[in-house]
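Engineer: Quick one, my_file-v3.csv (CSV, C-alpha atoms):
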```csv
chain,number,residue,atom,x,y,z
A,212,MET,CA,8.2,-7.6,-10.9
A,213,ALA,CA,11.7,-8.9,-11.0
A,214,ILE,CA,13.5,-12.2,-10.3
A,215,ARG,CA,17.1,-12.8,-9.4
A,216,ILE,CA,18.6,-16.3,-9.2
A,217,SER,CA,21.8,-17.4,-7.6
A,218,SER,CA,23.1,-20.9,-7.0
A,219,THR,CA,25.6,-22.7,-4.8
A,220,PRO,CA,26.1,-26.5,-4.6
A,221,VAL,CA,23.7,-26.7,-1.6
A,222,ARG,CA,21.2,-24.0,-2.5
A,223,VAL,CA,19.3,-22.3,-5.3
A,224,THR,CA,18.1,-18.9,-4.2
A,225,VAL,CA,15.2,-17.2,-6.0
A,226,GLU,CA,14.8,-13.6,-5.0
A,227,LEU,CA,11.5,-12.0,-6.0
A,228,SER,CA,10.6,-8.3,-6.0
A,229,GLY,CA,7.6,-6.2,-6.8
A,230,GLU,CA,4.0,-7.5,-7.2
A,231,ILE,CA,3.0,-11.1,-7.8
A,232,ASP,CA,-0.3,-11.6,-9.5
A,233,HIS,CA,-1.7,-13.9,-12.2
A,234,HIS,CA,-0.3,-11.7,-14.9
A,235,ASN,CA,3.4,-11.7,-13.9
A,236,ALA,CA,3.5,-15.1,-12.1
A,237,ALA,CA,3.8,-16.8,-15.6
A,238,ALA,CA,7.1,-15.2,-16.4
A,239,LEU,CA,8.6,-15.8,-12.9
A,240,ARG,CA,7.6,-19.5,-13.1
A,241,LEU,CA,9.6,-20.2,-16.2
A,242,GLU,CA,12.8,-18.7,-14.9
A,243,ALA,CA,12.5,-20.3,-11.4
A,244,ASP,CA,11.7,-23.7,-12.7
A,245,GLU,CA,14.7,-23.7,-15.1
A,246,ALA,CA,17.0,-22.9,-12.2
A,247,ILE,CA,15.5,-25.5,-9.9
A,248,GLN,CA,15.7,-28.2,-12.5
A,249,ARG,CA,19.2,-27.3,-13.7
A,250,SER,CA,20.6,-27.4,-10.1
A,251,LEU,CA,21.3,-30.5,-8.0
A,252,ALA,CA,21.1,-28.5,-4.8
A,253,PRO,CA,19.0,-30.1,-2.0
A,254,ASN,CA,17.6,-26.7,-0.9
A,255,VAL,CA,15.5,-24.1,-2.8
A,256,ARG,CA,15.1,-20.8,-1.1
A,257,LEU,CA,12.3,-18.5,-2.3
A,258,ASP,CA,13.0,-15.0,-0.9
A,259,PHE,CA,9.9,-12.8,-0.7
A,260,GLY,CA,11.7,-9.9,1.1
A,261,GLU,CA,11.1,-7.4,-1.7
A,262,VAL,CA,7.6,-8.5,-2.6
A,263,THR,CA,5.3,-5.5,-2.2
A,264,PHE,CA,2.0,-7.2,-3.1
A,265,MET,CA,0.7,-10.7,-3.8
A,266,ASP,CA,-2.7,-12.3,-4.2
A,267,SER,CA,-3.4,-16.0,-4.3
A,268,SER,CA,-1.2,-16.2,-7.4
A,269,GLY,CA,1.7,-16.0,-4.9
A,270,ILE,CA,0.4,-19.1,-3.2
A,271,GLY,CA,0.0,-20.8,-6.6
A,272,PHE,CA,3.6,-19.9,-7.4
A,273,VAL,CA,5.0,-21.5,-4.2
A,274,LEU,CA,2.7,-24.6,-4.7
A,275,GLY,CA,4.0,-25.0,-8.3
A,276,ARG,CA,7.6,-24.7,-7.3
A,277,TYR,CA,7.0,-27.2,-4.5
A,278,ARG,CA,5.9,-29.7,-7.0
A,279,ILE,CA,8.9,-29.2,-9.2
A,280,ALA,CA,11.4,-29.3,-6.3
A,281,GLU,CA,9.8,-32.4,-4.9
A,282,SER,CA,10.2,-34.2,-8.2
A,283,CYS,CA,13.9,-33.2,-8.0
A,284,GLY,CA,14.2,-34.3,-4.4
A,285,SER,CA,14.8,-30.8,-3.0
A,286,HIS,CA,13.2,-29.0,-0.1
A,287,ILE,CA,11.7,-25.5,-0.4
A,288,GLU,CA,11.9,-22.7,2.2
A,289,VAL,CA,10.1,-19.4,1.7
A,290,VAL,CA,11.9,-16.6,3.6
A,291,ASN,CA,11.5,-13.0,4.5
A,292,LEU,CA,7.7,-13.1,4.4
A,293,SER,CA,5.7,-10.1,5.5
A,294,GLY,CA,3.3,-10.8,8.3
A,295,ARG,CA,0.5,-10.6,5.8
A,296,ASN,CA,2.0,-12.9,3.2
A,297,TYR,CA,2.9,-15.4,5.9
A,298,SER,CA,-0.7,-15.5,7.1
A,299,MET,CA,-2.0,-16.0,3.6
A,300,MET,CA,0.4,-18.9,3.0
A,301,LYS,CA,-0.5,-20.4,6.3
A,302,LEU,CA,-4.2,-20.0,5.5
A,303,ALA,CA,-3.5,-22.0,2.3
A,304,GLY,CA,-1.8,-24.8,4.3
A,305,LEU,CA,1.6,-24.2,2.7
A,306,ASP,CA,3.3,-24.7,6.0
A,307,ARG,CA,2.6,-28.4,5.7
A,308,LEU,CA,4.6,-28.6,2.5
A,309,VAL,CA,7.4,-26.1,2.8
A,310,THR,CA,9.2,-24.1,5.5
A,311,LEU,CA,7.8,-20.6,6.0
A,312,LYS,CA,9.9,-17.9,7.6
A,313,ARG,CA,8.8,-14.4,8.5
A,314,LYS,CA,11.0,-11.3,8.0
B,260,MET,CA,-27.7,4.0,2.2
B,261,LYS,CA,-26.7,6.8,-0.1
B,262,ALA,CA,-23.1,6.9,-1.5
B,263,ILE,CA,-21.0,9.9,-0.8
B,264,ASN,CA,-18.9,9.3,-3.9
B,265,GLU,CA,-19.0,6.7,-6.7
B,266,MET,CA,-16.6,5.6,-9.5
B,267,ARG,CA,-17.0,3.4,-12.6
B,268,LEU,CA,-14.2,1.7,-14.5
B,269,GLN,CA,-14.4,-0.5,-17.7
B,270,ILE,CA,-11.4,-2.5,-18.7
B,271,GLU,CA,-10.7,-5.3,-21.2
B,272,SER,CA,-10.1,-8.7,-19.7
B,273,ARG,CA,-6.3,-8.7,-20.3
B,274,SER,CA,-4.2,-9.9,-17.5
B,275,VAL,CA,-1.9,-6.8,-17.7
B,276,ASN,CA,-5.0,-4.8,-16.4
B,277,GLU,CA,-5.1,-6.7,-13.1
B,278,ALA,CA,-2.5,-4.3,-11.5
B,279,PHE,CA,-4.3,-1.3,-13.0
B,280,ALA,CA,-7.7,-2.4,-11.7
B,281,ARG,CA,-6.6,-3.0,-8.1
B,282,ALA,CA,-4.4,0.1,-8.0
B,283,THR,CA,-7.3,2.3,-9.3
B,284,VAL,CA,-9.9,0.9,-6.8
B,285,ALA,CA,-7.4,1.3,-4.0
B,286,ALA,CA,-6.7,4.9,-5.0
B,287,PHE,CA,-10.4,5.6,-4.9
B,288,ALA,CA,-10.9,3.9,-1.5
B,289,ALA,CA,-8.0,6.1,-0.2
B,290,GLN,CA,-10.6,8.9,0.3
B,291,LEU,CA,-11.8,7.0,3.4
B,292,ASP,CA,-8.4,7.3,4.9
B,293,PRO,CA,-7.8,3.6,5.4
B,294,ASN,CA,-4.7,2.2,7.0
B,295,ILE,CA,-2.1,0.2,5.0
B,296,GLU,CA,-3.5,-3.2,6.0
B,297,GLU,CA,-7.0,-2.1,4.9
B,298,ILE,CA,-5.8,-0.8,1.5
B,299,SER,CA,-3.9,-4.1,1.0
B,300,ASP,CA,-7.1,-6.0,1.8
B,301,ILE,CA,-9.0,-4.2,-0.9
B,302,LYS,CA,-6.2,-4.5,-3.4
B,303,THR,CA,-5.9,-8.2,-2.8
B,304,ALA,CA,-9.6,-8.9,-3.0
B,305,VAL,CA,-10.1,-6.8,-6.2
B,306,SER,CA,-7.1,-8.6,-7.7
B,307,GLU,CA,-8.7,-12.0,-7.0
B,308,ALA,CA,-12.1,-10.9,-8.5
B,309,VAL,CA,-10.6,-9.4,-11.6
B,310,THR,CA,-8.4,-12.4,-12.1
B,311,ASN,CA,-11.5,-14.6,-11.9
B,312,CYS,CA,-13.2,-12.6,-14.7
B,313,ILE,CA,-10.1,-13.0,-16.9
B,314,VAL,CA,-9.2,-16.7,-16.3
B,315,HIS,CA,-12.8,-18.0,-15.9
B,316,GLY,CA,-15.4,-15.5,-17.1
B,317,TYR,CA,-13.7,-14.8,-20.4
B,318,ALA,CA,-11.4,-17.8,-20.5
B,319,GLU,CA,-11.1,-18.1,-24.3
B,320,LYS,CA,-11.7,-14.5,-25.3
B,321,VAL,CA,-11.3,-10.9,-24.4
B,322,GLY,CA,-14.4,-9.2,-22.9
B,323,ARG,CA,-15.2,-6.2,-20.8
B,324,ILE,CA,-14.9,-6.1,-17.0
B,325,TYR,CA,-17.2,-3.5,-15.3
B,326,ILE,CA,-16.1,-2.2,-11.9
B,327,TRP,CA,-18.2,0.1,-9.8
B,328,ALA,CA,-17.1,1.3,-6.3
B,329,ALA,CA,-18.8,3.6,-3.8
B,330,ILE,CA,-17.9,5.1,-0.4
B,331,TYR,CA,-20.4,5.8,2.3
B,332,ASP,CA,-20.5,7.5,5.6
B,333,ASN,CA,-18.6,6.0,8.6
B,334,GLY,CA,-15.9,4.4,6.5
B,335,HIS,CA,-18.0,2.0,4.5
B,336,PHE,CA,-16.8,0.8,1.2
B,337,LYS,CA,-18.4,-1.3,-1.5
B,338,VAL,CA,-17.0,-2.5,-4.9
B,339,LYS,CA,-18.7,-4.6,-7.6
B,340,ILE,CA,-16.8,-6.5,-10.2
B,341,ARG,CA,-18.9,-7.8,-13.1
B,342,ASP,CA,-18.2,-9.8,-16.3
B,343,LYS,CA,-20.5,-10.9,-19.1
B,344,GLY,CA,-18.7,-14.1,-19.5
B,345,CYS,CA,-19.5,-17.8,-19.1
B,346,GLY,CA,-21.0,-17.6,-15.6
B,347,ILE,CA,-20.7,-20.2,-12.8
B,348,GLU,CA,-22.8,-23.3,-12.7
B,349,ASP,CA,-22.5,-24.0,-9.0
B,350,VAL,CA,-21.5,-20.8,-7.0
B,351,ARG,CA,-21.3,-22.6,-3.7
B,352,GLN,CA,-18.9,-25.2,-5.1
B,353,ALA,CA,-16.8,-22.4,-6.8
B,354,MET,CA,-16.5,-20.7,-3.5
B,355,GLU,CA,-15.1,-23.7,-1.6
B,356,PRO,CA,-11.5,-23.3,-0.7
B,357,LEU,CA,-9.1,-25.2,-3.0
B,358,PHE,CA,-11.8,-25.8,-5.6
B,359,THR,CA,-10.6,-24.9,-9.0
B,360,THR,CA,-11.5,-25.9,-12.6
B,361,LEU,CA,-8.1,-25.0,-13.9
B,362,GLY,CA,-5.6,-26.9,-11.8
B,363,GLY,CA,-1.9,-26.2,-12.4
B,364,GLU,CA,-0.8,-23.0,-10.9
B,365,ARG,CA,-4.2,-21.8,-9.7
B,366,ALA,CA,-4.5,-22.5,-6.0
B,367,GLY,CA,-8.4,-22.4,-5.9
B,368,LEU,CA,-8.2,-19.8,-3.2
B,369,GLY,CA,-9.6,-16.7,-4.9
B,370,PHE,CA,-12.9,-16.6,-3.1
B,371,ALA,CA,-11.4,-17.7,0.2
B,372,VAL,CA,-9.0,-14.7,0.0
B,373,MET,CA,-11.8,-12.3,-0.9
B,374,GLU,CA,-13.8,-13.7,2.1
B,375,SER,CA,-11.0,-13.4,4.5
B,376,PHE,CA,-10.1,-9.8,3.5
B,377,CYS,CA,-13.6,-8.3,3.3
B,378,ASP,CA,-16.5,-8.1,5.7
B,379,LYS,CA,-19.1,-9.3,3.2
B,380,ILE,CA,-19.1,-11.0,-0.2
B,381,LYS,CA,-22.0,-11.6,-2.6
B,382,VAL,CA,-21.7,-13.6,-5.8
B,383,ILE,CA,-24.5,-13.6,-8.4
B,384,SER,CA,-24.0,-15.7,-11.5
B,385,LYS,CA,-25.9,-17.0,-14.4
B,386,VAL,CA,-24.5,-19.5,-16.9
B,387,GLY,CA,-24.0,-17.8,-20.3
B,388,LYS,CA,-24.7,-14.4,-18.9
B,389,GLY,CA,-21.9,-13.6,-16.5
B,390,THR,CA,-20.9,-13.1,-12.8
B,391,THR,CA,-21.1,-10.2,-10.4
B,392,VAL,CA,-19.0,-10.2,-7.2
B,393,THR,CA,-19.9,-7.5,-4.6
B,394,LEU,CA,-17.4,-6.9,-1.8
B,395,GLU,CA,-18.0,-4.8,1.2
B,396,LYS,CA,-15.6,-3.5,3.8
B,397,HIS,CA,-15.7,-1.2,6.8
B,398,PHE,CA,-12.5,0.8,7.3
B,399,LYS,CA,-11.5,1.7,10.8
B,400,GLY,CA,-8.9,3.9,9.3
B,401,ARG,CA,-5.6,5.3,10.4
B,402,ASP,CA,-7.0,6.6,13.6
B,403,ALA,CA,-7.6,3.0,14.7
B,404,ASP,CA,-3.9,2.4,14.1
B,405,ASN,CA,-3.0,5.4,16.3
B,406,ASP,CA,-5.3,4.2,19.1
B,407,ARG,CA,-3.5,0.8,19.1
B,408,GLY,CA,0.0,2.2,18.8
```
As structure tokens, what does this structure read like?
Structural biologist:
Amino acid sequence: MAIRISSTPVRVTVELSGEIDHHNAAALRLEADEAIQRSLAPNVRLDFGEVTFMDSSGIGFVLGRYRIAESCGSHIEVVNLSGRNYSMMKLAGLDRLVTLKRK
Amino acid sequence: MKAINEMRLQIESRSVNEAFARATVAAFAAQLDPNIEEISDIKTAVSEAVTNCIVHGYAEKVGRIYIWAAIYDNGHFKVKIRDKGCGIEDVRQAMEPLFTTLGGERAGLGFAVMESFCDKIKVISKVGKGTTVTLEKHFKGRDADNDRG
């Protein structure tokens, strides 16, 4: 599991790779939140393109970042989702809170 | 129904073992020649069940998680995940989507995910004794993929 963060005045991009489960979501959370809170960008992009596996911890991860971003007044988009991860996030109703984009 | 092959795995309830447990069960299930989607279904469902043992069953301590899996004729697969932890007071409520006793980062979707990725799920729990989750899935296998493609 790895995380790469880049930032411009309009967007914070968080690129995730590997497997997201309850064990490694904790470390990802800290890094992502720090970047989101430090930035004043109105848009946060969570890039799931290199995510090879996720369980419901991936949904919890997006939900948690949504709460942080909302309190900072920014919008979240989750991009490069596999068909499977897109369906799981829709099942959880995340499409009502954030923008979901497939690969 | 008699199993063609069986496996047992015992692990400590440390979160680092979640990946080990789902990968091991998936490797065993691979004998049934499942397609990639089916293997992901099993990995995801096992990951949810094992995570439940760790964060709920043995919330404040480290205990043992007992995993048993079996394969049957015609692509049938069964896996049992058991803990001897705190147990669930109200199983029906625990299985409701979005219900969680933890809040925060837990989405309350563990059982919903297990249900959607398996054909059958059974949960037996006794407060103070522990919980057993049994998951069943029928694999259509790679041949089914070829038929479609």
Engineer: Between B:Val305, B:Val350, B:Thr360, B:Gly322, single out the one closest to Val372 (chain B), counting all atoms listed in the file.
Structural biologist: B:Val305
Engineer: Select, from A:Val290, A:Asn296, A:Ser282, A:Arg313, the residue with the minimum atom-to-atom distance to Gln248 (chain A), counting all atoms listed in the file.
Structural biologist: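 Nearest candidate to Gln248 (chain A) out of A:Val290, A:Asn296, A:Ser282, A:Arg313: A:Ser282.
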Engineer: Find the residues in chain A near chain B: any atom within 6 Å counts, using only C-alpha atoms. Write them as an mmCIF file with C-alpha atoms, in the frame of the given file.
Structural biologist:
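Printed below is out.cif as written:
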```
data_model
loop_
_atom_site.group_PDB
_atom_site.id
_atom_site.type_symbol
_atom_site.label_atom_id
_atom_site.label_comp_id
_atom_site.auth_asym_id
_atom_site.auth_seq_id
_atom_site.Cartn_x
_atom_site.Cartn_y
_atom_site.Cartn_z
ATOM 1 C CA HIS A 234 -0.300 -11.700 -14.900
ATOM 2 C CA ASP A 266 -2.700 -12.300 -4.200
ATOM 3 C CA GLY A 271 0.000 -20.800 -6.600
ATOM 4 C CA GLY A 275 4.000 -25.000 -8.300
#
```
Engineer: Could you check how far CA of Ser217 (chain A) sits from CA of Ala246 (chain A), in Å to one decimal?
Structural biologist: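 Between CA of Ser217 (chain A) and CA of Ala246 (chain A) the gap is 8.6 Å.
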Engineer: Using only C-alpha atoms, which residue out of A:Arg307, A:Arg256, A:Arg276, A:Arg222 lies closest to Leu239 (chain A)?
Structural biologist: A:Arg276
Engineer: Contacts of region 285-289 of chain A at 6 Å or less, counting all atoms listed in the file, minus same-chain residues fewer than 5 places along, as an NGL selection string?
Structural biologist: :A and (253-258 or 280 or 309-311)
Engineer: Record the distance separating CA of Arg281 (chain B) and CA of Tyr277 (chain A), expressed in Å with one decimal.
Structural biologist: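 Those two atoms sit 28.0 Å apart.
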Engineer: Can you list, as a ChimeraX atom specification, every protein, DNA or RNA residue that comes within 10 Å of Ile279 (chain A) when you count all atoms listed in the file, leaving out same-chain residues fewer than 5 positions away?
Structural biologist: /A:243-245,247-248,273-274,284-285,287
Engineer: Residues around (3.2, -10.1, -5.2), cut-off 6 Å, counting only C-alpha atoms - what are they as a ChimeraX atom specification?
Structural biologist: /A:230-232,262-265
Engineer: Go ahead and compute the interatomic distance for CA of Val221 (chain A) and CA of Ser250 (chain A), in Å to one decimal.
Structural biologist: 9.1 Å
Engineer: Please provide as a VMD selection string all residues within 8 Å of region 394-396 of chain B, with the sequence filter that same-chain residues fewer than 4 positions apart are discarded (counting all atoms listed in the file).
Structural biologist: chain B and resid 335 to 339 373 377 to 381
Engineer: Choose the residue, out of A:Leu308, A:Arg278, A:His233, A:Glu226, that has the smallest atom-to-atom separation from Ala308 (chain B); count all atoms listed in the file.
Structural biologist: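 The closest residue to Ala308 (chain B) is A:His233.
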Engineer: Would you kindly return, as a PyMOL selection string, each protein, DNA or RNA residue with an atom no farther than 12 Å from any atom of Gln269 (chain B), considering all atoms listed in the file and excluding same-chain residues fewer than 3 positions away?
Structural biologist: chain B and resi 266+272-273+276+279-280+283-284+309+322-328+339-342
Engineer: Measuring between all atoms listed in the file, which one of A:Phe259, A:Thr224, A:Phe272, A:Leu292 shows the shortest distance to Ala238 (chain A)?
Structural biologist: A:Phe272
Engineer: Using the incomplete input, complete region 224-246 of chain A to the level of N, CA, C and O atoms; output as a PDB file, in the frame of the given file.
Structural biologist:
```pdb
ATOM      1  N   THR A 224      18.852 -19.967  -4.776  1.00  0.00           N
ATOM      2  CA  THR A 224      18.100 -18.900  -4.200  1.00  0.00           C
ATOM      3  C   THR A 224      17.368 -18.085  -5.256  1.00  0.00           C
ATOM      4  O   THR A 224      17.987 -17.652  -6.226  1.00  0.00           O
ATOM      5  N   VAL A 225      16.063 -17.945  -5.077  1.00  0.00           N
ATOM      6  CA  VAL A 225      15.200 -17.200  -6.000  1.00  0.00           C
ATOM      7  C   VAL A 225      14.713 -15.967  -5.279  1.00  0.00           C
ATOM      8  O   VAL A 225      13.907 -16.088  -4.360  1.00  0.00           O
ATOM      9  N   GLU A 226      15.230 -14.792  -5.638  1.00  0.00           N
ATOM     10  CA  GLU A 226      14.800 -13.600  -5.000  1.00  0.00           C
ATOM     11  C   GLU A 226      13.744 -12.866  -5.852  1.00  0.00           C
ATOM     12  O   GLU A 226      14.002 -12.544  -7.008  1.00  0.00           O
ATOM     13  N   LEU A 227      12.578 -12.649  -5.269  1.00  0.00           N
ATOM     14  CA  LEU A 227      11.500 -12.000  -6.000  1.00  0.00           C
ATOM     15  C   LEU A 227      11.315 -10.594  -5.514  1.00  0.00           C
ATOM     16  O   LEU A 227      11.519 -10.311  -4.330  1.00  0.00           O
ATOM     17  N   SER A 228      10.925  -9.696  -6.418  1.00  0.00           N
ATOM     18  CA  SER A 228      10.600  -8.300  -6.000  1.00  0.00           C
ATOM     19  C   SER A 228       9.459  -7.767  -6.747  1.00  0.00           C
ATOM     20  O   SER A 228       9.183  -8.194  -7.866  1.00  0.00           O
ATOM     21  N   GLY A 229       8.726  -6.846  -6.124  1.00  0.00           N
ATOM     22  CA  GLY A 229       7.600  -6.200  -6.800  1.00  0.00           C
ATOM     23  C   GLY A 229       6.291  -6.922  -6.478  1.00  0.00           C
ATOM     24  O   GLY A 229       6.106  -7.462  -5.398  1.00  0.00           O
ATOM     25  N   GLU A 230       5.371  -6.917  -7.443  1.00  0.00           N
ATOM     26  CA  GLU A 230       4.000  -7.500  -7.200  1.00  0.00           C
ATOM     27  C   GLU A 230       3.875  -8.815  -7.915  1.00  0.00           C
ATOM     28  O   GLU A 230       4.264  -8.977  -9.057  1.00  0.00           O
ATOM     29  N   ILE A 231       3.308  -9.775  -7.182  1.00  0.00           N
ATOM     30  CA  ILE A 231       3.000 -11.100  -7.800  1.00  0.00           C
ATOM     31  C   ILE A 231       1.530 -11.238  -7.971  1.00  0.00           C
ATOM     32  O   ILE A 231       0.777 -11.263  -7.013  1.00  0.00           O
ATOM     33  N   ASP A 232       1.124 -11.278  -9.230  1.00  0.00           N
ATOM     34  CA  ASP A 232      -0.300 -11.600  -9.500  1.00  0.00           C
ATOM     35  C   ASP A 232      -0.328 -12.591 -10.654  1.00  0.00           C
ATOM     36  O   ASP A 232       0.711 -13.083 -11.104  1.00  0.00           O
ATOM     37  N   HIS A 233      -1.527 -12.907 -11.102  1.00  0.00           N
ATOM     38  CA  HIS A 233      -1.700 -13.900 -12.200  1.00  0.00           C
ATOM     39  C   HIS A 233      -0.935 -13.511 -13.418  1.00  0.00           C
ATOM     40  O   HIS A 233      -0.356 -14.343 -14.101  1.00  0.00           O
ATOM     41  N   HIS A 234      -0.902 -12.217 -13.709  1.00  0.00           N
ATOM     42  CA  HIS A 234      -0.300 -11.700 -14.900  1.00  0.00           C
ATOM     43  C   HIS A 234       1.251 -11.995 -14.943  1.00  0.00           C
ATOM     44  O   HIS A 234       1.792 -12.543 -15.888  1.00  0.00           O
ATOM     45  N   ASN A 235       1.927 -11.593 -13.860  1.00  0.00           N
ATOM     46  CA  ASN A 235       3.400 -11.700 -13.900  1.00  0.00           C
ATOM     47  C   ASN A 235       3.937 -13.005 -13.318  1.00  0.00           C
ATOM     48  O   ASN A 235       5.129 -13.283 -13.431  1.00  0.00           O
ATOM     49  N   ALA A 236       3.065 -13.828 -12.699  1.00  0.00           N
ATOM     50  CA  ALA A 236       3.500 -15.100 -12.100  1.00  0.00           C
ATOM     51  C   ALA A 236       4.041 -16.023 -13.262  1.00  0.00           C
ATOM     52  O   ALA A 236       4.967 -16.813 -13.072  1.00  0.00           O
ATOM     53  N   ALA A 237       3.438 -15.906 -14.445  1.00  0.00           N
ATOM     54  CA  ALA A 237       3.800 -16.800 -15.600  1.00  0.00           C
ATOM     55  C   ALA A 237       5.265 -16.690 -15.927  1.00  0.00           C
ATOM     56  O   ALA A 237       5.941 -17.707 -16.105  1.00  0.00           O
ATOM     57  N   ALA A 238       5.756 -15.449 -16.033  1.00  0.00           N
ATOM     58  CA  ALA A 238       7.100 -15.200 -16.400  1.00  0.00           C
ATOM     59  C   ALA A 238       8.113 -15.709 -15.329  1.00  0.00           C
ATOM     60  O   ALA A 238       9.164 -16.301 -15.612  1.00  0.00           O
ATOM     61  N   LEU A 239       7.725 -15.463 -14.066  1.00  0.00           N
ATOM     62  CA  LEU A 239       8.600 -15.800 -12.900  1.00  0.00           C
ATOM     63  C   LEU A 239       8.749 -17.359 -12.889  1.00  0.00           C
ATOM     64  O   LEU A 239       9.821 -17.881 -12.598  1.00  0.00           O
ATOM     65  N   ARG A 240       7.643 -18.029 -13.173  1.00  0.00           N
ATOM     66  CA  ARG A 240       7.600 -19.500 -13.100  1.00  0.00           C
ATOM     67  C   ARG A 240       8.638 -20.116 -14.020  1.00  0.00           C
ATOM     68  O   ARG A 240       9.388 -20.971 -13.587  1.00  0.00           O
ATOM     69  N   LEU A 241       8.706 -19.666 -15.264  1.00  0.00           N
ATOM     70  CA  LEU A 241       9.600 -20.200 -16.200  1.00  0.00           C
ATOM     71  C   LEU A 241      11.065 -20.150 -15.752  1.00  0.00           C
ATOM     72  O   LEU A 241      11.803 -21.125 -15.745  1.00  0.00           O
ATOM     73  N   GLU A 242      11.435 -18.943 -15.303  1.00  0.00           N
ATOM     74  CA  GLU A 242      12.800 -18.700 -14.900  1.00  0.00           C
ATOM     75  C   GLU A 242      13.160 -19.537 -13.630  1.00  0.00           C
ATOM     76  O   GLU A 242      14.221 -20.146 -13.544  1.00  0.00           O
ATOM     77  N   ALA A 243      12.240 -19.544 -12.669  1.00  0.00           N
ATOM     78  CA  ALA A 243      12.500 -20.300 -11.400  1.00  0.00           C
ATOM     79  C   ALA A 243      12.626 -21.758 -11.687  1.00  0.00           C
ATOM     80  O   ALA A 243      13.549 -22.411 -11.191  1.00  0.00           O
ATOM     81  N   ASP A 244      11.730 -22.305 -12.495  1.00  0.00           N
ATOM     82  CA  ASP A 244      11.700 -23.700 -12.700  1.00  0.00           C
ATOM     83  C   ASP A 244      13.004 -24.195 -13.454  1.00  0.00           C
ATOM     84  O   ASP A 244      13.555 -25.254 -13.166  1.00  0.00           O
ATOM     85  N   GLU A 245      13.452 -23.368 -14.375  1.00  0.00           N
ATOM     86  CA  GLU A 245      14.700 -23.700 -15.100  1.00  0.00           C
ATOM     87  C   GLU A 245      15.842 -23.833 -14.130  1.00  0.00           C
ATOM     88  O   GLU A 245      16.594 -24.804 -14.174  1.00  0.00           O
ATOM     89  N   ALA A 246      15.938 -22.861 -13.221  1.00  0.00           N
ATOM     90  CA  ALA A 246      17.000 -22.900 -12.200  1.00  0.00           C
ATOM     91  C   ALA A 246      16.930 -24.053 -11.292  1.00  0.00           C
ATOM     92  O   ALA A 246      17.933 -24.695 -10.965  1.00  0.00           O
TER      93      ALA A 246
END
```
